[in-house]
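Asker: Input structure: structure_30.cif, which contains mmCIF, C-alpha atoms.
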```cif
data_data
#
loop_
_atom_site.group_PDB
_atom_site.id
_atom_site.type_symbol
_atom_site.label_atom_id
_atom_site.label_comp_id
_atom_site.auth_asym_id
_atom_site.auth_seq_id
_atom_site.Cartn_x
_atom_site.Cartn_y
_atom_site.Cartn_z
ATOM 1 C CA MET A 1 83.475 83.857 59.838
ATOM 2 C CA THR A 2 86.456 85.163 61.712
ATOM 3 C CA ASP A 3 87.290 88.867 61.352
ATOM 4 C CA ARG A 4 90.858 87.902 60.488
ATOM 5 C CA PHE A 5 89.757 87.673 56.850
ATOM 6 C CA LYS A 6 88.466 90.323 54.501
ATOM 7 C CA THR A 7 86.560 89.745 51.289
ATOM 8 C CA ILE A 8 88.195 90.990 48.114
ATOM 9 C CA ARG A 9 86.971 90.984 44.530
ATOM 10 C CA PRO A 10 88.607 88.254 42.431
ATOM 11 C CA ALA A 11 89.686 90.882 39.890
ATOM 12 C CA ALA A 12 91.586 92.708 42.656
ATOM 13 C CA LEU A 13 93.895 89.746 43.305
ATOM 14 C CA LYS A 14 97.463 90.863 42.606
ATOM 15 C CA ALA A 15 99.319 87.626 43.375
ATOM 16 C CA SER A 16 100.975 85.539 40.670
ATOM 17 C CA ILE A 17 98.613 82.665 40.016
ATOM 18 C CA PHE A 18 101.475 80.597 38.590
ATOM 19 C CA LYS A 19 103.524 81.014 41.772
ATOM 20 C CA LEU A 20 100.545 80.456 44.087
ATOM 21 C CA ILE A 21 99.523 77.167 42.514
ATOM 22 C CA ASP A 22 102.687 75.653 41.077
ATOM 23 C CA GLN A 23 105.300 76.773 43.585
ATOM 24 C CA ASP A 24 103.399 77.541 46.814
ATOM 25 C CA TRP A 25 100.741 74.813 46.358
ATOM 26 C CA MET A 26 97.185 74.857 47.649
ATOM 27 C CA LEU A 27 94.774 72.676 49.547
ATOM 28 C CA ILE A 28 91.614 71.566 47.757
ATOM 29 C CA THR A 29 88.977 70.888 50.406
ATOM 30 C CA ALA A 30 85.408 69.645 50.101
ATOM 31 C CA GLY A 31 82.768 68.521 52.535
ATOM 32 C CA THR A 32 81.164 69.997 55.627
ATOM 33 C CA ALA A 33 82.412 70.901 59.082
ATOM 34 C CA LYS A 34 81.356 67.404 60.213
ATOM 35 C CA SER A 35 82.828 65.427 57.314
ATOM 36 C CA TRP A 36 85.502 66.759 54.964
ATOM 37 C CA ASN A 37 88.793 65.939 53.314
ATOM 38 C CA THR A 38 91.628 67.978 51.892
ATOM 39 C CA MET A 39 94.495 67.324 49.499
ATOM 40 C CA THR A 40 97.465 69.280 48.251
ATOM 41 C CA ALA A 41 97.538 70.361 44.619
ATOM 42 C CA SER A 42 99.997 72.140 42.382
ATOM 43 C CA TRP A 43 97.922 71.846 39.220
ATOM 44 C CA GLY A 44 95.015 74.197 38.678
ATOM 45 C CA GLY A 45 94.115 77.601 37.414
ATOM 46 C CA LEU A 46 92.066 80.751 37.765
ATOM 47 C CA GLY A 47 90.402 82.775 35.071
ATOM 48 C CA THR A 48 87.125 83.803 33.527
ATOM 49 C CA LEU A 49 84.657 81.397 31.966
ATOM 50 C CA TRP A 50 80.972 81.832 31.189
ATOM 51 C CA ASN A 51 81.290 85.479 32.323
ATOM 52 C CA LYS A 52 82.238 84.356 35.831
ATOM 53 C CA PRO A 53 85.472 84.318 37.819
ATOM 54 C CA VAL A 54 86.375 80.632 38.017
ATOM 55 C CA ALA A 55 88.897 78.219 39.474
ATOM 56 C CA PHE A 56 89.970 74.966 37.861
ATOM 57 C CA ALA A 57 90.790 72.117 40.240
ATOM 58 C CA PHE A 58 92.159 68.747 39.175
ATOM 59 C CA VAL A 59 91.556 65.671 41.339
ATOM 60 C CA ARG A 60 92.318 62.069 40.472
ATOM 61 C CA PRO A 61 89.223 59.868 41.001
ATOM 62 C CA THR A 62 91.393 57.534 43.103
ATOM 63 C CA ARG A 63 91.912 60.266 45.713
ATOM 64 C CA PHE A 64 89.739 60.216 48.851
ATOM 65 C CA THR A 65 88.981 63.908 48.256
ATOM 66 C CA CYS A 66 87.273 63.077 44.960
ATOM 67 C CA GLY A 67 84.251 61.542 46.703
ATOM 68 C CA PHE A 68 83.849 64.693 48.783
ATOM 69 C CA MET A 69 84.122 66.832 45.640
ATOM 70 C CA GLU A 70 81.431 64.742 43.981
ATOM 71 C CA ARG A 71 79.038 65.044 46.943
ATOM 72 C CA SER A 72 79.614 68.761 47.591
ATOM 73 C CA GLU A 73 78.141 71.737 45.804
ATOM 74 C CA GLN A 74 81.114 73.871 46.849
ATOM 75 C CA PHE A 75 84.820 73.471 47.521
ATOM 76 C CA THR A 76 87.648 75.684 48.734
ATOM 77 C CA LEU A 77 91.147 76.389 47.522
ATOM 78 C CA SER A 78 93.371 77.501 50.402
ATOM 79 C CA PHE A 79 96.799 79.117 50.105
ATOM 80 C CA PHE A 80 99.383 79.276 52.894
ATOM 81 C CA ALA A 81 102.596 81.007 53.888
ATOM 82 C CA ALA A 82 105.852 79.116 53.280
ATOM 83 C CA ARG A 83 106.073 78.002 56.917
ATOM 84 C CA TYR A 84 103.174 75.578 56.275
ATOM 85 C CA ARG A 85 104.990 73.756 53.462
ATOM 86 C CA LYS A 86 105.554 70.668 55.641
ATOM 87 C CA ALA A 87 101.819 70.476 56.456
ATOM 88 C CA LEU A 88 100.933 70.752 52.762
ATOM 89 C CA ALA A 89 103.487 68.069 51.888
ATOM 90 C CA PHE A 90 101.855 65.801 54.480
ATOM 91 C CA CYS A 91 98.361 66.463 53.091
ATOM 92 C CA GLY A 92 99.586 65.563 49.617
ATOM 93 C CA SER A 93 101.308 62.337 50.607
ATOM 94 C CA HIS A 94 98.819 60.845 53.089
ATOM 95 C CA SER A 95 95.227 59.804 52.538
ATOM 96 C CA GLY A 96 92.372 61.037 54.663
ATOM 97 C CA ARG A 97 91.151 57.425 54.559
ATOM 98 C CA ASP A 98 94.035 56.543 56.865
ATOM 99 C CA VAL A 99 94.909 59.634 58.910
ATOM 100 C CA ASP A 100 93.338 62.717 60.449
ATOM 101 C CA LYS A 101 95.162 65.389 58.465
ATOM 102 C CA ALA A 102 94.149 68.214 60.808
ATOM 103 C CA ARG A 103 95.454 66.416 63.877
ATOM 104 C CA GLU A 104 98.679 65.311 62.156
ATOM 105 C CA THR A 105 99.518 68.755 60.723
ATOM 106 C CA GLY A 106 98.058 71.115 63.312
ATOM 107 C CA LEU A 107 95.911 72.792 60.663
ATOM 108 C CA GLU A 108 92.664 74.038 62.220
ATOM 109 C CA PRO A 109 89.569 73.543 60.075
ATOM 110 C CA PHE A 110 86.898 76.230 60.094
ATOM 111 C CA SER A 111 83.996 77.301 57.895
ATOM 112 C CA PRO A 112 84.707 80.702 56.333
ATOM 113 C CA VAL A 113 81.126 80.589 55.048
ATOM 114 C CA PRO A 114 78.447 78.024 55.907
ATOM 115 C CA GLY A 115 78.815 74.689 54.158
ATOM 116 C CA VAL A 116 82.535 74.743 53.337
ATOM 117 C CA VAL A 117 85.819 74.050 55.102
ATOM 118 C CA SER A 118 89.169 75.831 55.018
ATOM 119 C CA PHE A 119 91.865 76.334 57.651
ATOM 120 C CA ARG A 120 92.501 79.158 60.101
ATOM 121 C CA GLN A 121 96.177 79.324 59.109
ATOM 122 C CA THR A 122 95.436 80.051 55.454
ATOM 123 C CA ARG A 123 96.447 83.411 54.049
ATOM 124 C CA MET A 124 93.842 83.248 51.290
ATOM 125 C CA VAL A 125 90.843 81.068 50.538
ATOM 126 C CA LEU A 126 88.671 80.870 47.450
ATOM 127 C CA VAL A 127 85.167 79.549 48.020
ATOM 128 C CA CYS A 128 84.002 77.937 44.789
ATOM 129 C CA ARG A 129 80.578 76.754 43.631
ATOM 130 C CA LYS A 130 80.832 73.812 41.259
ATOM 131 C CA LEU A 131 79.686 74.635 37.736
ATOM 132 C CA TYR A 132 81.059 71.780 35.660
ATOM 133 C CA THR A 133 83.078 68.578 35.812
ATOM 134 C CA THR A 134 84.678 66.403 33.184
ATOM 135 C CA ASP A 135 87.220 63.625 33.073
ATOM 136 C CA ILE A 136 90.457 64.096 31.172
ATOM 137 C CA ASP A 137 90.338 62.005 28.022
ATOM 138 C CA PRO A 138 93.845 60.896 26.988
ATOM 139 C CA ALA A 139 92.649 60.393 23.404
ATOM 140 C CA ARG A 140 92.383 64.189 23.213
ATOM 141 C CA PHE A 141 96.022 64.906 24.180
ATOM 142 C CA LEU A 142 97.645 66.834 21.359
ATOM 143 C CA ASP A 143 101.032 66.629 23.059
ATOM 144 C CA ARG A 144 101.630 62.882 23.471
ATOM 145 C CA GLY A 145 104.242 63.603 26.163
ATOM 146 C CA ILE A 146 101.455 64.520 28.575
ATOM 147 C CA ASP A 147 100.450 60.878 28.844
ATOM 148 C CA LYS A 148 103.838 60.157 30.455
ATOM 149 C CA LEU A 149 102.597 62.120 33.490
ATOM 150 C CA TYR A 150 100.038 59.333 34.001
ATOM 151 C CA PRO A 151 102.017 56.075 34.289
ATOM 152 C CA LYS A 152 99.077 54.520 36.207
ATOM 153 C CA LYS A 153 96.547 55.859 33.667
ATOM 154 C CA ASP A 154 94.706 57.559 36.571
ATOM 155 C CA TYR A 155 93.614 60.656 34.664
ATOM 156 C CA HIS A 156 92.290 63.650 36.582
ATOM 157 C CA ARG A 157 88.724 64.810 36.932
ATOM 158 C CA VAL A 158 88.449 68.537 36.239
ATOM 159 C CA TYR A 159 86.226 70.715 38.418
ATOM 160 C CA VAL A 160 85.292 74.203 37.298
ATOM 161 C CA GLY A 161 84.015 76.314 40.161
ATOM 162 C CA GLU A 162 82.719 79.850 40.237
ATOM 163 C CA VAL A 163 84.708 81.872 42.761
ATOM 164 C CA VAL A 164 81.835 83.107 44.920
ATOM 165 C CA ARG A 165 84.050 84.458 47.700
ATOM 166 C CA LEU A 166 87.732 85.324 47.913
ATOM 167 C CA LEU A 167 88.955 85.892 51.457
ATOM 168 C CA ARG A 168 92.397 87.169 52.331
ATOM 169 C CA ALA A 169 93.940 87.329 55.770
ATOM 170 C CA GLY A 170 94.269 90.922 56.938
ATOM 171 C CA ARG A 171 97.662 92.417 57.440
#
```
Spell out the structure here as structure tokens.

Answerer:
Amino acid sequence: MTDRFKTIRPAALKASIFKLIDQDWMLITAGTAKSWNTMTASWGGLGTLWNKPVAFAFVRPTRFTCGFMERSEQFTLSFFAARYRKALAFCGSHSGRDVDKARETGLEPFSPVPGVVSFRQTRMVLVCRKLYTTDIDPARFLDRGIDKLYPKKDYHRVYVGEVVRLLRAGR
């Protein structure tokens, strides 16, 4: 791991989770240093479940990243400064099946801990160990308007991961 990052306790995080995920976006990345994929997300969450600090990541099964999430025991959520917005937009609108996202964006993959991938430019990375997955069941929507967000009926798979490491770039 590079000494640019320091480990902090999840409970010590002072950032607005709503701003980080919804407005700033994040990259969900799974796989190994040899074979990985990443995608941009603005849906997700952080909290406590089963007496553990957890992250909730939502990935449509049609996304290339989903296969990596299924095969991996861990995944990362990476957060960036505003100047990387164009790179995140690219990662959200292009498939890793078709392009090398690192080469196209200039993002530099690295392993903050063995077995996972993030990017050197990130300002914060959460290393998550998968605890649970489930598929969203539209029959369970209580607000019928939610279904309008799925015109292709490609409902997300939900991943709950224990935050085993939270690394923040030093100032």

Asker: Using all atoms listed in the file, find all polymer residues with an atom at most 7 Å away from the point (92.5, 88.5, 55.2); report them as a VMD selection string.

Answerer: chain A and resid 4 to 6 123 to 124 167 to 171

Asker: Which residue, A:Lys19, A:Lys86, A:Lys14, A:Arg165, has the smallest gap to Val127 in chain A when you use only C-alpha atoms?

Answerer: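 Using only C-alpha atoms, the shortest distance to Val127 in chain A belongs to A:Arg165.
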
Asker: Given the file shown, determine the residues that the PyMOL selection byres ((chain A and resi 155) around 10) selects; report them as a list in words.

Answerer: Phe58, Val59, Arg60, Pro61, Thr62, Asp135, Ile136, Asp137, Pro138, Asp147, Leu149, Tyr150, Pro151, Lys152, Lys153, Asp154, His156, Arg157 and Val158 of chain A

Asker: Nearest residue to Ala11 in chain A out of A:Phe68, A:Ser111, A:Leu166, A:Gln74, using all atoms listed in the file?

Answerer: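 The closest residue to Ala11 in chain A is A:Leu166.
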
Asker: If we count all atoms listed in the file and set the cut-off at 9 Å, which residues sit around Ser72 in chain A, ignoring sequence neighbours fewer than 3 positions away in its own chain? Please answer as a list in words.

Answerer: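 Close residues of Ser72 in chain A: Ala30, Gly31, Thr32, Gly67, Phe68, Met69, Phe75, Gly115, Val116, Arg129 and Lys130 of chain A.
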
Asker: Taking the file as I've supplied it (selection: the PyMOL selection byres ((chain A and resi 117) around 10)), which residues are included? Please answer as a ChimeraX atom specification.

Answerer: /A:28-38,74-78,108-116,118-120,125,127

Asker: Nearest residue to Leu126 in chain A out of A:Phe90, A:Tyr84, A:Phe141, A:Phe56, using only C-alpha atoms?

Answerer: A:Phe56

Asker: Once the PyMOL selection byres ((chain A and resi 163) around 6) has been applied to the shown file, what residues remain in the selection, as a PDB file with C-alpha atoms, in the frame of the given file?

Answerer:
```pdb
ATOM      1  CA  PRO A  53      85.472  84.318  37.819  1.00  0.00           C
ATOM      2  CA  VAL A  54      86.375  80.632  38.017  1.00  0.00           C
ATOM      3  CA  VAL A 127      85.167  79.549  48.020  1.00  0.00           C
ATOM      4  CA  CYS A 128      84.002  77.937  44.789  1.00  0.00           C
ATOM      5  CA  GLU A 162      82.719  79.850  40.237  1.00  0.00           C
ATOM      6  CA  VAL A 164      81.835  83.107  44.920  1.00  0.00           C
ATOM      7  CA  ARG A 165      84.050  84.458  47.700  1.00  0.00           C
TER       8      ARG A 165
END
```

Asker: Compile the contact shell of Gly45 in chain A as a list in words: residues with an atom at most 10 Å away, counting all atoms listed in the file, same-chain residues fewer than 2 positions apart removed.

Answerer: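 Listing them by chain and then by number gives Ile17, Phe18, Leu20, Ile21, Asp22, Ser42, Trp43, Gly47, Val54, Ala55, Phe56, Ala57, Phe58 and Val160 of chain A.
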